[in-house]
>>> print(open('model33.cif').read())   # mmCIF, C-alpha atoms
data_data
loop_
_atom_site.label_atom_id
_atom_site.label_comp_id
_atom_site.auth_asym_id
_atom_site.auth_seq_id
_atom_site.Cartn_x
_atom_site.Cartn_y
_atom_site.Cartn_z
CA MET A 51 111.83 29.31 191.17
CA MET A 52 112.14 25.85 189.65
CA LYS A 53 114.93 24.14 187.78
CA ILE A 54 113.72 22.26 184.69
CA GLN A 55 115.99 20.10 182.59
CA VAL A 56 115.39 20.09 178.83
CA ARG A 57 117.06 17.52 176.59
CA CYS A 58 117.06 17.96 172.82
CA PHE A 59 117.61 15.56 169.95
CA ALA A 60 118.42 15.84 166.23
CA ARG A 61 118.17 19.34 164.77
CA PHE A 62 116.80 20.74 168.03
CA GLN A 63 120.08 19.70 169.62
CA ASP A 64 122.01 21.54 166.91
CA ALA A 65 120.06 24.72 167.64
CA PHE A 66 119.58 24.61 171.41
CA GLY A 67 122.24 22.26 172.73
CA GLU A 68 122.13 18.75 174.05
CA GLU A 69 120.80 19.71 177.46
CA GLN A 70 119.83 22.90 179.29
CA ILE A 71 118.72 23.67 182.82
CA LEU A 72 116.08 26.40 182.79
CA ASP A 73 115.13 28.54 185.78
CA LEU A 74 111.37 29.04 185.64
CA PRO A 75 108.92 30.64 188.06
CA ASP A 76 106.57 28.48 190.10
CA GLY A 77 103.45 27.70 188.14
CA ALA A 78 105.28 27.57 184.81
CA THR A 79 103.97 25.18 182.17
CA VAL A 80 105.54 23.02 179.49
CA ARG A 81 104.71 25.73 176.98
CA ASP A 82 106.60 28.29 179.08
CA ALA A 83 109.65 26.01 179.14
CA VAL A 84 109.60 25.55 175.36
CA ARG A 85 109.24 29.31 174.82
CA VAL A 86 112.15 30.06 177.14
CA LEU A 87 114.29 27.43 175.48
CA ALA A 88 113.41 28.82 172.04
CA GLY A 89 114.80 32.17 173.11
CA THR A 90 118.19 30.68 173.92
CA GLY A 91 119.07 29.55 170.40
CA PRO A 92 119.69 31.10 167.02
CA ASP A 93 116.49 29.81 165.47
CA ALA A 94 113.51 30.15 167.81
CA GLY A 95 111.25 29.55 164.80
CA LEU A 96 112.19 25.89 164.87
CA LEU A 97 110.15 25.52 168.07
CA VAL A 98 107.59 28.34 168.11
CA ASP A 99 105.84 30.61 165.63
CA ALA A 100 105.74 34.42 165.79
CA GLU A 101 102.92 34.30 168.35
CA GLY A 102 104.83 31.93 170.61
CA ASN A 103 102.71 28.90 169.75
CA ILE A 104 104.66 25.65 169.74
CA ARG A 105 104.95 24.26 166.23
CA SER A 106 102.69 21.30 165.58
CA TYR A 107 105.50 18.92 164.63
CA VAL A 108 107.48 19.41 167.87
CA MET A 109 107.52 16.17 169.86
CA ILE A 110 107.41 16.85 173.60
CA MET A 111 107.89 14.15 176.24
CA HIS A 112 107.24 14.91 179.90
CA ARG A 113 107.16 12.25 182.62
CA ASP A 114 107.09 9.53 179.97
CA GLU A 115 104.03 11.02 178.34
CA ARG A 116 103.80 12.69 174.96
CA ILE A 117 102.42 16.21 175.31
CA SER A 118 100.59 17.69 172.34
CA PRO A 119 101.86 21.20 171.52
CA MET A 120 98.25 22.37 171.82
CA ASP A 121 98.01 21.03 175.38
CA ALA A 122 101.42 22.25 176.56
CA GLU A 123 100.05 25.37 178.26
CA GLU A 124 97.92 23.21 180.56
CA VAL A 125 100.71 20.97 181.82
CA LEU A 126 102.22 22.35 185.01
CA LEU A 127 105.86 21.73 185.82
CA VAL A 128 107.44 21.00 189.17
CA ASP A 129 111.00 21.54 190.28
CA GLY A 130 113.31 18.89 188.82
CA ASP A 131 111.07 17.92 185.91
CA VAL A 132 112.69 16.73 182.69
CA ILE A 133 111.36 17.57 179.23
CA ILE A 134 112.59 15.87 176.06
CA LEU A 135 112.17 17.65 172.73
CA PHE A 136 112.74 16.16 169.31
CA PRO A 137 111.50 16.56 165.77
CA PRO A 138 110.21 13.47 164.02
CA VAL A 139 113.14 12.76 161.73
CA SER A 140 112.10 11.66 158.27
CA GLY A 141 115.12 10.57 156.26
CA GLY A 142 115.56 7.05 154.98
CA MET B 7 118.98 -23.70 143.59
CA LYS B 8 119.57 -26.04 146.50
CA SER B 9 116.63 -27.90 147.97
CA GLU B 10 115.07 -26.15 150.94
CA GLN B 11 116.33 -28.83 153.30
CA SER B 12 119.93 -28.64 152.14
CA TYR B 13 119.75 -24.84 152.21
CA LEU B 14 118.62 -24.82 155.82
CA SER B 15 121.16 -27.43 156.85
CA SER B 16 124.07 -25.83 155.00
CA ARG B 17 126.85 -24.12 156.91
CA ARG B 18 125.51 -20.71 155.86
CA PHE B 19 123.54 -20.37 159.08
CA GLU B 20 125.70 -22.31 161.53
CA ARG B 21 126.70 -19.16 163.43
CA GLN B 22 123.10 -18.11 164.08
CA LEU B 23 121.38 -21.46 164.57
CA PRO B 24 122.53 -21.65 168.21
CA LEU B 25 120.71 -18.34 168.74
CA ILE B 26 117.38 -18.89 167.03
CA GLY B 27 117.29 -22.67 166.58
CA SER B 28 116.27 -24.64 163.51
CA GLU B 29 112.63 -23.76 164.16
CA GLY B 30 113.47 -20.06 164.20
CA GLN B 31 115.52 -20.47 161.05
CA ARG B 32 112.62 -22.19 159.33
CA LYS B 33 110.32 -19.33 160.34
CA LEU B 34 112.69 -16.88 158.66
CA GLN B 35 112.79 -19.06 155.56
CA ASP B 36 108.99 -19.19 155.42
CA ALA B 37 108.56 -15.45 155.89
CA THR B 38 107.80 -12.63 153.49
CA VAL B 39 108.99 -9.15 154.46
CA LEU B 40 108.02 -5.99 152.61
CA ILE B 41 110.63 -3.23 152.67
CA GLY B 42 109.37 0.22 151.70
CA GLY B 43 112.41 2.04 150.34
CA ALA B 44 115.68 0.75 148.91
CA GLY B 45 117.85 3.60 150.15
CA GLY B 46 119.90 4.32 153.26
CA LEU B 47 117.73 2.30 155.65
CA GLY B 48 116.63 -0.20 153.03
CA SER B 49 120.25 -1.17 152.34
CA PRO B 50 121.05 -2.62 155.79
CA VAL B 51 117.51 -3.90 156.30
CA ALA B 52 117.40 -5.85 153.03
CA THR B 53 121.00 -7.03 153.28
CA TYR B 54 120.77 -8.37 156.82
CA LEU B 55 117.38 -10.00 156.25
CA ALA B 56 118.61 -11.69 153.09
CA LEU B 57 121.78 -12.88 154.82
CA ALA B 58 119.76 -14.11 157.81
CA GLY B 59 117.76 -16.35 155.51
CA VAL B 60 114.40 -14.59 155.18
CA GLY B 61 112.73 -16.44 152.32
CA GLU B 62 111.08 -13.63 150.41
CA LEU B 63 111.66 -9.88 150.27
CA ILE B 64 109.26 -7.48 148.59
CA ILE B 65 111.07 -4.23 147.81
CA VAL B 66 109.14 -1.10 146.81
CA ASP B 67 110.82 2.10 145.59
CA ASP B 68 110.10 4.32 142.60
CA ASP B 69 113.44 6.17 142.62
CA ARG B 70 116.45 5.90 140.38
CA ILE B 71 119.95 5.84 141.88
CA GLN B 72 121.64 9.22 142.11
CA GLU B 73 125.29 9.87 142.80
CA SER B 74 124.32 11.63 146.06
CA ASN B 75 122.84 8.34 147.32
CA LEU B 76 126.18 6.55 147.32
CA ASN B 77 127.42 7.75 150.72
CA ARG B 78 124.96 5.40 152.42
CA GLN B 79 123.01 3.20 150.00
CA PHE B 80 125.35 0.24 149.72
CA LEU B 81 122.86 -1.89 147.82
CA HIS B 82 123.85 0.19 144.81
CA ALA B 83 127.19 0.39 143.04
CA ALA B 84 128.59 3.58 141.54
CA SER B 85 128.22 1.97 138.12
CA SER B 86 124.45 1.71 138.70
CA VAL B 87 123.73 5.44 138.89
CA GLY B 88 120.62 6.09 136.79
CA CYS B 89 119.17 2.60 137.28
CA MET B 90 115.96 1.89 139.22
CA LYS B 91 116.88 1.19 142.83
CA VAL B 92 114.70 -1.90 143.15
CA TYR B 93 116.45 -3.70 140.29
CA SER B 94 119.91 -2.77 141.55
CA ALA B 95 118.88 -3.98 145.02
CA GLU B 96 117.56 -7.24 143.62
CA ALA B 97 120.82 -7.92 141.75
CA THR B 98 122.94 -7.17 144.82
CA LEU B 99 120.82 -9.36 147.08
CA HIS B 100 120.91 -12.26 144.59
CA ASN B 101 124.68 -12.09 144.60
CA LEU B 102 124.80 -12.10 148.41
CA ALA B 103 122.11 -14.71 149.02
CA PRO B 104 121.00 -16.52 145.83
CA GLU B 105 118.28 -18.52 147.57
CA VAL B 106 116.29 -15.45 148.63
CA THR B 107 113.31 -14.56 146.45
CA VAL B 108 113.20 -10.82 145.74
CA LEU B 109 110.06 -9.24 144.33
CA SER B 110 110.75 -5.74 143.01
CA TYR B 111 108.10 -3.05 142.62
CA PRO B 112 109.38 0.18 141.02
CA THR B 113 106.28 2.07 142.09
CA LYS B 114 105.30 4.87 144.46
CA ILE B 115 103.41 3.80 147.57
CA GLU B 116 99.92 5.22 147.23
CA SER B 117 96.62 4.69 149.01
CA SER B 118 95.20 2.90 145.99
CA THR B 119 98.00 0.30 145.88
CA ALA B 120 99.26 -0.04 149.45
CA HIS B 121 96.74 -2.67 150.53
CA ASP B 122 97.69 -4.96 147.63
CA LEU B 123 101.40 -4.46 148.30
CA VAL B 124 101.24 -5.46 151.97
CA ARG B 125 98.73 -8.30 151.55
CA ASP B 126 101.27 -11.14 151.41
CA ALA B 127 103.74 -9.72 153.93
CA ASP B 128 104.35 -11.07 157.42
CA VAL B 129 106.15 -7.87 158.43
CA VAL B 130 106.42 -4.42 156.81
CA VAL B 131 109.57 -2.35 157.25
CA ASP B 132 109.44 1.43 156.95
CA ALA B 133 112.67 2.41 155.23
CA LEU B 134 111.04 5.36 153.52
CA ASP B 135 112.28 8.93 153.30
CA ASN B 136 109.02 10.87 153.62
CA TYR B 137 106.00 10.89 155.90
CA GLU B 138 103.38 10.95 153.15
CA SER B 139 104.35 7.45 151.97
CA ARG B 140 105.10 6.34 155.54
CA PHE B 141 101.60 7.13 156.76
CA ILE B 142 100.00 5.38 153.77
CA LEU B 143 102.10 2.22 154.20
CA HIS B 144 101.59 2.23 157.97
CA GLN B 145 97.81 2.52 157.69
CA ALA B 146 97.66 -0.31 155.14
CA ALA B 147 99.81 -2.55 157.35
CA TYR B 148 97.89 -1.66 160.50
CA HIS B 149 94.50 -2.41 159.00
CA ALA B 150 95.82 -5.70 157.60
CA GLY B 151 97.10 -6.65 161.07
CA ILE B 152 100.74 -6.70 159.96
CA PRO B 153 103.60 -5.48 162.21
CA PHE B 154 105.25 -2.29 160.99
CA ILE B 155 108.86 -1.50 161.88
CA HIS B 156 109.37 2.26 161.73
CA GLY B 157 112.78 3.84 161.35
CA ALA B 158 113.99 7.27 160.29
CA VAL B 159 117.31 9.11 160.29
CA GLU B 160 118.71 12.62 160.04
CA GLY B 161 122.29 13.76 160.38
CA PHE B 162 123.83 11.72 163.19
CA SER B 163 120.42 10.88 164.76
CA GLY B 164 117.77 8.27 164.31
CA GLN B 165 114.56 6.87 165.73
CA LEU B 166 112.83 3.52 165.73
CA THR B 167 109.68 1.88 167.02
CA SER B 168 107.80 -1.31 166.22
CA ILE B 169 104.04 -1.18 165.76
CA ILE B 170 102.16 -4.39 166.51
CA PRO B 171 98.51 -3.90 165.48
CA GLN B 172 95.95 -4.15 168.24
CA SER B 173 98.58 -4.54 170.96
CA SER B 174 100.60 -1.32 170.72
CA PRO B 175 99.87 2.31 169.93
CA CYS B 176 100.37 3.10 166.26
CA LEU B 177 102.61 5.47 164.34
CA ALA B 178 99.83 8.05 163.98
CA CYS B 179 99.41 8.05 167.79
CA LEU B 180 103.07 9.03 168.03
CA ILE B 181 103.34 11.37 165.05
CA PRO B 182 99.99 12.97 164.21
CA GLY B 183 101.39 15.31 161.57
CA ALA B 184 104.32 15.25 159.20
CA PRO B 185 107.20 17.65 159.73
CA PRO B 186 108.03 20.00 156.84
CA ALA B 187 109.58 18.09 153.95
CA GLU B 188 113.15 19.06 153.16
CA LYS B 189 116.39 17.61 151.91
CA ILE B 190 117.89 15.69 154.84
CA PRO B 191 121.65 15.49 155.41
CA VAL B 192 122.73 12.13 156.78
CA ILE B 193 125.88 10.21 157.60
CA GLY B 194 125.74 6.75 156.04
CA ALA B 195 126.60 5.03 159.30
CA THR B 196 123.51 6.60 160.93
CA ALA B 197 121.31 4.75 158.49
CA GLY B 198 123.44 1.68 159.11
CA VAL B 199 122.73 1.74 162.85
CA ILE B 200 118.97 2.31 162.63
CA GLY B 201 118.51 0.02 159.60
CA SER B 202 120.40 -2.77 161.36
CA MET B 203 118.16 -2.34 164.40
CA GLN B 204 115.11 -2.56 162.15
CA ALA B 205 116.43 -5.82 160.72
CA MET B 206 116.95 -7.03 164.28
CA GLU B 207 113.33 -6.22 165.14
CA VAL B 208 112.15 -8.27 162.15
CA ILE B 209 114.36 -11.23 163.05
CA LYS B 210 113.16 -11.15 166.66
CA TYR B 211 109.53 -10.98 165.60
CA LEU B 212 109.76 -13.77 163.04
CA SER B 213 111.88 -16.12 165.13
CA GLY B 214 110.01 -15.41 168.36
CA THR B 215 113.10 -14.32 170.28
CA GLY B 216 113.83 -11.32 172.47
CA THR B 217 111.78 -8.24 173.26
CA MET B 218 110.64 -5.76 170.67
CA ILE B 219 110.63 -1.97 170.90
CA THR B 220 106.89 -1.38 171.12
CA GLY B 221 104.93 1.35 172.87
CA LYS B 222 108.08 3.43 173.06
CA LEU B 223 110.24 5.33 170.64
CA PHE B 224 113.97 4.66 170.59
CA LEU B 225 115.90 7.88 170.01
CA TRP B 226 119.60 7.69 169.24
CA ASP B 227 122.17 10.42 168.83
CA GLY B 228 125.44 9.25 167.37
CA LEU B 229 127.29 12.50 168.00
CA SER B 230 126.94 12.41 171.76
CA ASN B 231 126.35 8.64 172.08
CA ARG B 232 123.06 9.27 173.85
CA CYS B 233 119.91 7.24 173.54
CA GLU B 234 116.49 7.47 175.14
CA TYR B 235 113.38 5.38 175.14
CA VAL B 236 110.30 7.57 175.28
CA ARG B 237 107.03 5.86 176.04
CA PHE B 238 103.90 6.81 174.17
CA GLY B 239 100.30 5.72 174.44
CA ARG B 240 97.26 5.54 172.24
CA ARG B 241 95.59 8.76 171.20
CA LYS B 242 91.85 8.58 171.71
CA ASP B 243 91.29 10.56 168.54
CA CYS B 244 93.83 8.62 166.46
CA THR B 245 92.63 8.39 162.86
CA VAL B 246 94.27 4.99 162.31
CA CYS B 247 93.85 2.83 165.41
CA SER B 248 91.13 4.45 167.50
CA GLY B 249 88.43 1.88 168.21
CA MET B 250 90.59 -1.05 167.03
CA GLU B 251 92.14 -1.92 170.41
CA GLY B 252 92.00 -5.64 171.00
CA VAL B 253 90.09 -6.28 167.77
#
>>> encode(input="model33.cif", output="structure tokens")
Amino acid sequence: MMKIQVRCFARFQDAFGEEQILDLPDGATVRDAVRVLAGTGPDAGLLVDAEGNIRSYVMIMHRDERISPMDAEEVLLVDGDVIILFPPVSGG
Amino acid sequence: MKSEQSYLSSRRFERQLPLIGSEGQRKLQDATVLIGGAGGLGSPVATYLALAGVGELIIVDDDRIQESNLNRQFLHAASSVGCMKVYSAEATLHNLAPEVTVLSYPTKIESSTAHDLVRDADVVVDALDNYESRFILHQAAYHAGIPFIHGAVEGFSGQLTSIIPQSSPCLACLIPGAPPAEKIPVIGATAGVIGSMQAMEVIKYLSGTGTMITGKLFLWDGLSNRCEYVRFGRRKDCTVCSGMEGV
């Protein structure tokens, strides 16, 4: 098992907390982490659709790189990784 | 109006001249800054740039002032509800800094007009409240080679990055698609923090001081007092800047 830290900002923080440590099996991907996190809050639909696909507007940062939601299933995690999730806020 | 020389040598700027020098002050005086949006972000951006001595501000906003704006949009007085924001902003700025030239455009930012709007600007500030207009203004600024200072707020949170054409990844590299549009709750002070930082980015760029926030997004959460810088790179398939690196 691996421990993955996920930090959330803006409305993702309201729904899923400021920070969570997820226990994930070896070989888990960024998409797995986002799906697991989505299941911990009251509004999973903020992060994933009914099929478990990460919503296109979700901003994912992993090791200082932005991960496209479409590529998240190909990015393998290692123990101790940190993922940052935030929506692009739009207000002015 | 005072002569330019007496304006620059007046005591108005004596507390900032040690920081940016008379040359930096003159660069501010000679500059034109376009501010897209005269709302929550536009209020601190326009106010601090006018007070700092930026010579010309172009303000673009097609909205009228609503009562619900007044928790954060301090360019506008309660007595101005119903007025066009750009004219209220112009009047407020003239009272604060009479020497600043304010050009007001009560129009929506559209693809057909954006290039003309940005043409005379040295810097463009994104103080808009929606991604449709943001992407249009950003693309026009990028293709004209003009720095674009992005800011946005929601609730107690905000984000900021500065786009320098040809030398940094662009806004579309960072945010390929707009999030769903909705009415955004916001604390006025959130806009105050991010808008003030946008003004700081402009002042640093124009006066040639400090380090700008480029190639990374500044994320700030006022509730927990957390901030992060998240780096981002160019997207090879970016529709705005792909193929323009180093042009």
>>> atom_distance(input="model33.cif", atom1="atom CA of B:Met218", atom2="atom CA of B:Phe141")
21.0 Å
>>> resolve_selection(input="model33.cif", expression="the PyMOL selection byres ((chain B) within 7 of (chain A))", output="PyMOL selection string")
chain B and resi 45-47+133-137+158-160+163-164+183-185+190+227+236-238
>>> closest_residue(input="model33.cif", among="B:Ser28, B:Ser168, B:Gln22, B:Ser117", to="B:Leu143", atoms="only C-alpha atoms")
B:Ser117
>>> residues_around(input="model33.cif", residues="A:Lys53", least_positions_apart="6", cutoff="8 Å", atoms="all atoms listed in the file", output="CSV table (one decimal) with C-alpha atoms, keeping the file's coordinate frame")
chain,number,residue,atom,x,y,z
A,71,ILE,CA,118.7,23.7,182.8
A,72,LEU,CA,116.1,26.4,182.8
A,73,ASP,CA,115.1,28.5,185.8
A,74,LEU,CA,111.4,29.0,185.6
A,129,ASP,CA,111.0,21.5,190.3
A,130,GLY,CA,113.3,18.9,188.8
A,131,ASP,CA,111.1,17.9,185.9
>>> resolve_selection(input="model33.cif", expression="the PyMOL selection byres ((chain A and resi 102) around 12)", output="list in words")
Arg81, Asp82, Ala83, Val84, Arg85, Val86, Leu87, Ala88, Gly89, Ala94, Gly95, Leu96, Leu97, Val98, Asp99, Ala100, Glu101, Asn103, Ile104, Arg105, Ser106, Pro119, Met120, Ala122 and Glu123 of chain A
>>> atom_distance(input="model33.cif", atom1="atom CA of B:Tyr13", atom2="atom CA of B:Gln204")
24.8 Å
>>> atom_distance(input="model33.cif", atom1="atom CA of A:Glu124", atom2="atom CA of B:Arg241")
17.4 Å
>>> resolve_selection(input="model33.cif", expression="the PyMOL selection byres ((chain B and resi 171) around 8)", output="list in words")
Tyr148, His149, Gly151, Ile152, Pro153, Ile169, Ile170, Gln172, Ser173, Ser174, Pro175 and Cys176 of chain B
>>> residues_around(input="model33.cif", residues="B:Leu223", least_positions_apart="4", cutoff="6 Å", atoms="only C-alpha atoms", output="list in words")
Leu166, Thr167, Tyr235 and Val236 of chain B
>>> closest_residue(input="model33.cif", among="B:Val66, B:Ile115, B:Ala150, B:Ala197", to="B:Phe80", atoms="all atoms listed in the file")
B:Ala197
>>> closest_residue(input="model33.cif", among="B:Gly157, B:Gly88, B:Pro186, B:Gly42", to="B:Glu116", atoms="all atoms listed in the file")
B:Gly42
>>> decode(input="model33.cif", residues="stretch 65-159 of chain B", atoms="C-alpha atoms", output="PDB file, in the first residue's frame")
ATOM      1  CA  ILE B  65     -10.951  50.447 -18.450  1.00  0.00           C
ATOM      2  CA  VAL B  66     -13.331  48.079 -20.245  1.00  0.00           C
ATOM      3  CA  ASP B  67     -16.593  46.835 -18.714  1.00  0.00           C
ATOM      4  CA  ASP B  68     -20.111  46.662 -20.120  1.00  0.00           C
ATOM      5  CA  ASP B  69     -21.889  46.198 -16.777  1.00  0.00           C
ATOM      6  CA  ARG B  70     -23.957  48.560 -14.706  1.00  0.00           C
ATOM      7  CA  ILE B  71     -23.445  48.757 -10.942  1.00  0.00           C
ATOM      8  CA  GLN B  72     -25.740  46.523  -8.910  1.00  0.00           C
ATOM      9  CA  GLU B  73     -26.312  46.681  -5.185  1.00  0.00           C
ATOM     10  CA  SER B  74     -24.810  43.181  -4.847  1.00  0.00           C
ATOM     11  CA  ASN B  75     -21.500  44.539  -6.179  1.00  0.00           C
ATOM     12  CA  LEU B  76     -20.980  46.857  -3.242  1.00  0.00           C
ATOM     13  CA  ASN B  77     -19.423  44.337  -0.836  1.00  0.00           C
ATOM     14  CA  ARG B  78     -16.202  44.442  -2.856  1.00  0.00           C
ATOM     15  CA  GLN B  79     -16.250  46.953  -5.708  1.00  0.00           C
ATOM     16  CA  PHE B  80     -15.013  50.052  -3.923  1.00  0.00           C
ATOM     17  CA  LEU B  81     -14.615  52.059  -7.115  1.00  0.00           C
ATOM     18  CA  HIS B  82     -18.378  52.499  -6.935  1.00  0.00           C
ATOM     19  CA  ALA B  83     -20.445  54.336  -4.348  1.00  0.00           C
ATOM     20  CA  ALA B  84     -23.858  53.169  -3.172  1.00  0.00           C
ATOM     21  CA  SER B  85     -25.324  56.261  -4.811  1.00  0.00           C
ATOM     22  CA  SER B  86     -24.025  55.042  -8.194  1.00  0.00           C
ATOM     23  CA  VAL B  87     -26.130  51.878  -8.404  1.00  0.00           C
ATOM     24  CA  GLY B  88     -27.538  51.694 -11.934  1.00  0.00           C
ATOM     25  CA  CYS B  89     -24.682  53.662 -13.517  1.00  0.00           C
ATOM     26  CA  MET B  90     -22.187  52.157 -15.975  1.00  0.00           C
ATOM     27  CA  LYS B  91     -19.201  50.869 -14.019  1.00  0.00           C
ATOM     28  CA  VAL B  92     -16.592  52.410 -16.297  1.00  0.00           C
ATOM     29  CA  TYR B  93     -17.908  55.950 -15.779  1.00  0.00           C
ATOM     30  CA  SER B  94     -18.197  55.503 -12.016  1.00  0.00           C
ATOM     31  CA  ALA B  95     -14.642  54.123 -11.988  1.00  0.00           C
ATOM     32  CA  GLU B  96     -13.365  57.045 -14.040  1.00  0.00           C
ATOM     33  CA  ALA B  97     -14.936  59.581 -11.657  1.00  0.00           C
ATOM     34  CA  THR B  98     -13.511  57.845  -8.586  1.00  0.00           C
ATOM     35  CA  LEU B  99     -10.035  57.598 -10.080  1.00  0.00           C
ATOM     36  CA  HIS B 100     -10.061  61.275 -11.122  1.00  0.00           C
ATOM     37  CA  ASN B 101     -10.858  62.232  -7.552  1.00  0.00           C
ATOM     38  CA  LEU B 102      -8.027  60.069  -6.211  1.00  0.00           C
ATOM     39  CA  ALA B 103      -5.413  60.931  -8.826  1.00  0.00           C
ATOM     40  CA  PRO B 104      -6.442  63.834 -11.093  1.00  0.00           C
ATOM     41  CA  GLU B 105      -3.364  63.580 -13.302  1.00  0.00           C
ATOM     42  CA  VAL B 106      -4.159  60.045 -14.494  1.00  0.00           C
ATOM     43  CA  THR B 107      -5.803  59.767 -17.906  1.00  0.00           C
ATOM     44  CA  VAL B 108      -8.689  57.291 -17.838  1.00  0.00           C
ATOM     45  CA  LEU B 109     -10.178  55.998 -21.075  1.00  0.00           C
ATOM     46  CA  SER B 110     -13.519  54.284 -20.473  1.00  0.00           C
ATOM     47  CA  TYR B 111     -15.035  51.698 -22.791  1.00  0.00           C
ATOM     48  CA  PRO B 112     -18.523  50.519 -21.763  1.00  0.00           C
ATOM     49  CA  THR B 113     -18.355  47.563 -24.122  1.00  0.00           C
ATOM     50  CA  LYS B 114     -18.183  43.774 -23.968  1.00  0.00           C
ATOM     51  CA  ILE B 115     -14.829  42.252 -24.853  1.00  0.00           C
ATOM     52  CA  GLU B 116     -15.340  40.359 -28.086  1.00  0.00           C
ATOM     53  CA  SER B 117     -13.056  38.779 -30.664  1.00  0.00           C
ATOM     54  CA  SER B 118     -13.918  41.489 -33.170  1.00  0.00           C
ATOM     55  CA  THR B 119     -12.860  44.341 -30.863  1.00  0.00           C
ATOM     56  CA  ALA B 120     -10.204  42.901 -28.550  1.00  0.00           C
ATOM     57  CA  HIS B 121      -7.254  43.557 -30.853  1.00  0.00           C
ATOM     58  CA  ASP B 122      -8.140  47.255 -31.154  1.00  0.00           C
ATOM     59  CA  LEU B 123      -8.646  47.551 -27.395  1.00  0.00           C
ATOM     60  CA  VAL B 124      -5.232  46.145 -26.464  1.00  0.00           C
ATOM     61  CA  ARG B 125      -3.279  47.837 -29.268  1.00  0.00           C
ATOM     62  CA  ASP B 126      -2.044  50.818 -27.232  1.00  0.00           C
ATOM     63  CA  ALA B 127      -1.522  48.990 -23.940  1.00  0.00           C
ATOM     64  CA  ASP B 128       1.845  48.179 -22.377  1.00  0.00           C
ATOM     65  CA  VAL B 129       0.226  45.669 -20.014  1.00  0.00           C
ATOM     66  CA  VAL B 130      -3.227  44.053 -19.916  1.00  0.00           C
ATOM     67  CA  VAL B 131      -4.800  43.124 -16.582  1.00  0.00           C
ATOM     68  CA  ASP B 132      -7.408  40.376 -16.395  1.00  0.00           C
ATOM     69  CA  ALA B 133      -9.920  41.550 -13.806  1.00  0.00           C
ATOM     70  CA  LEU B 134     -12.780  39.817 -15.581  1.00  0.00           C
ATOM     71  CA  ASP B 135     -15.442  37.580 -14.092  1.00  0.00           C
ATOM     72  CA  ASN B 136     -15.836  34.977 -16.839  1.00  0.00           C
ATOM     73  CA  TYR B 137     -13.584  32.771 -18.941  1.00  0.00           C
ATOM     74  CA  GLU B 138     -15.197  33.556 -22.284  1.00  0.00           C
ATOM     75  CA  SER B 139     -14.031  37.197 -22.136  1.00  0.00           C
ATOM     76  CA  ARG B 140     -10.791  36.195 -20.396  1.00  0.00           C
ATOM     77  CA  PHE B 141      -9.731  33.869 -23.203  1.00  0.00           C
ATOM     78  CA  ILE B 142     -10.561  36.483 -25.867  1.00  0.00           C
ATOM     79  CA  LEU B 143      -8.609  39.248 -24.097  1.00  0.00           C
ATOM     80  CA  HIS B 144      -5.706  36.911 -23.355  1.00  0.00           C
ATOM     81  CA  GLN B 145      -5.401  35.766 -26.958  1.00  0.00           C
ATOM     82  CA  ALA B 146      -5.476  39.350 -28.238  1.00  0.00           C
ATOM     83  CA  ALA B 147      -2.800  40.406 -25.744  1.00  0.00           C
ATOM     84  CA  TYR B 148      -0.644  37.355 -26.425  1.00  0.00           C
ATOM     85  CA  HIS B 149      -0.670  37.814 -30.178  1.00  0.00           C
ATOM     86  CA  ALA B 150       0.133  41.519 -29.752  1.00  0.00           C
ATOM     87  CA  GLY B 151       3.103  40.601 -27.526  1.00  0.00           C
ATOM     88  CA  ILE B 152       1.636  42.335 -24.469  1.00  0.00           C
ATOM     89  CA  PRO B 153       2.009  40.926 -20.923  1.00  0.00           C
ATOM     90  CA  PHE B 154      -1.244  39.666 -19.424  1.00  0.00           C
ATOM     91  CA  ILE B 155      -1.749  39.598 -15.654  1.00  0.00           C
ATOM     92  CA  HIS B 156      -4.350  36.955 -14.817  1.00  0.00           C
ATOM     93  CA  GLY B 157      -6.275  36.956 -11.567  1.00  0.00           C
ATOM     94  CA  ALA B 158      -9.476  35.298 -10.397  1.00  0.00           C
ATOM     95  CA  VAL B 159     -11.264  34.850  -7.084  1.00  0.00           C
TER      96      VAL B 159
END
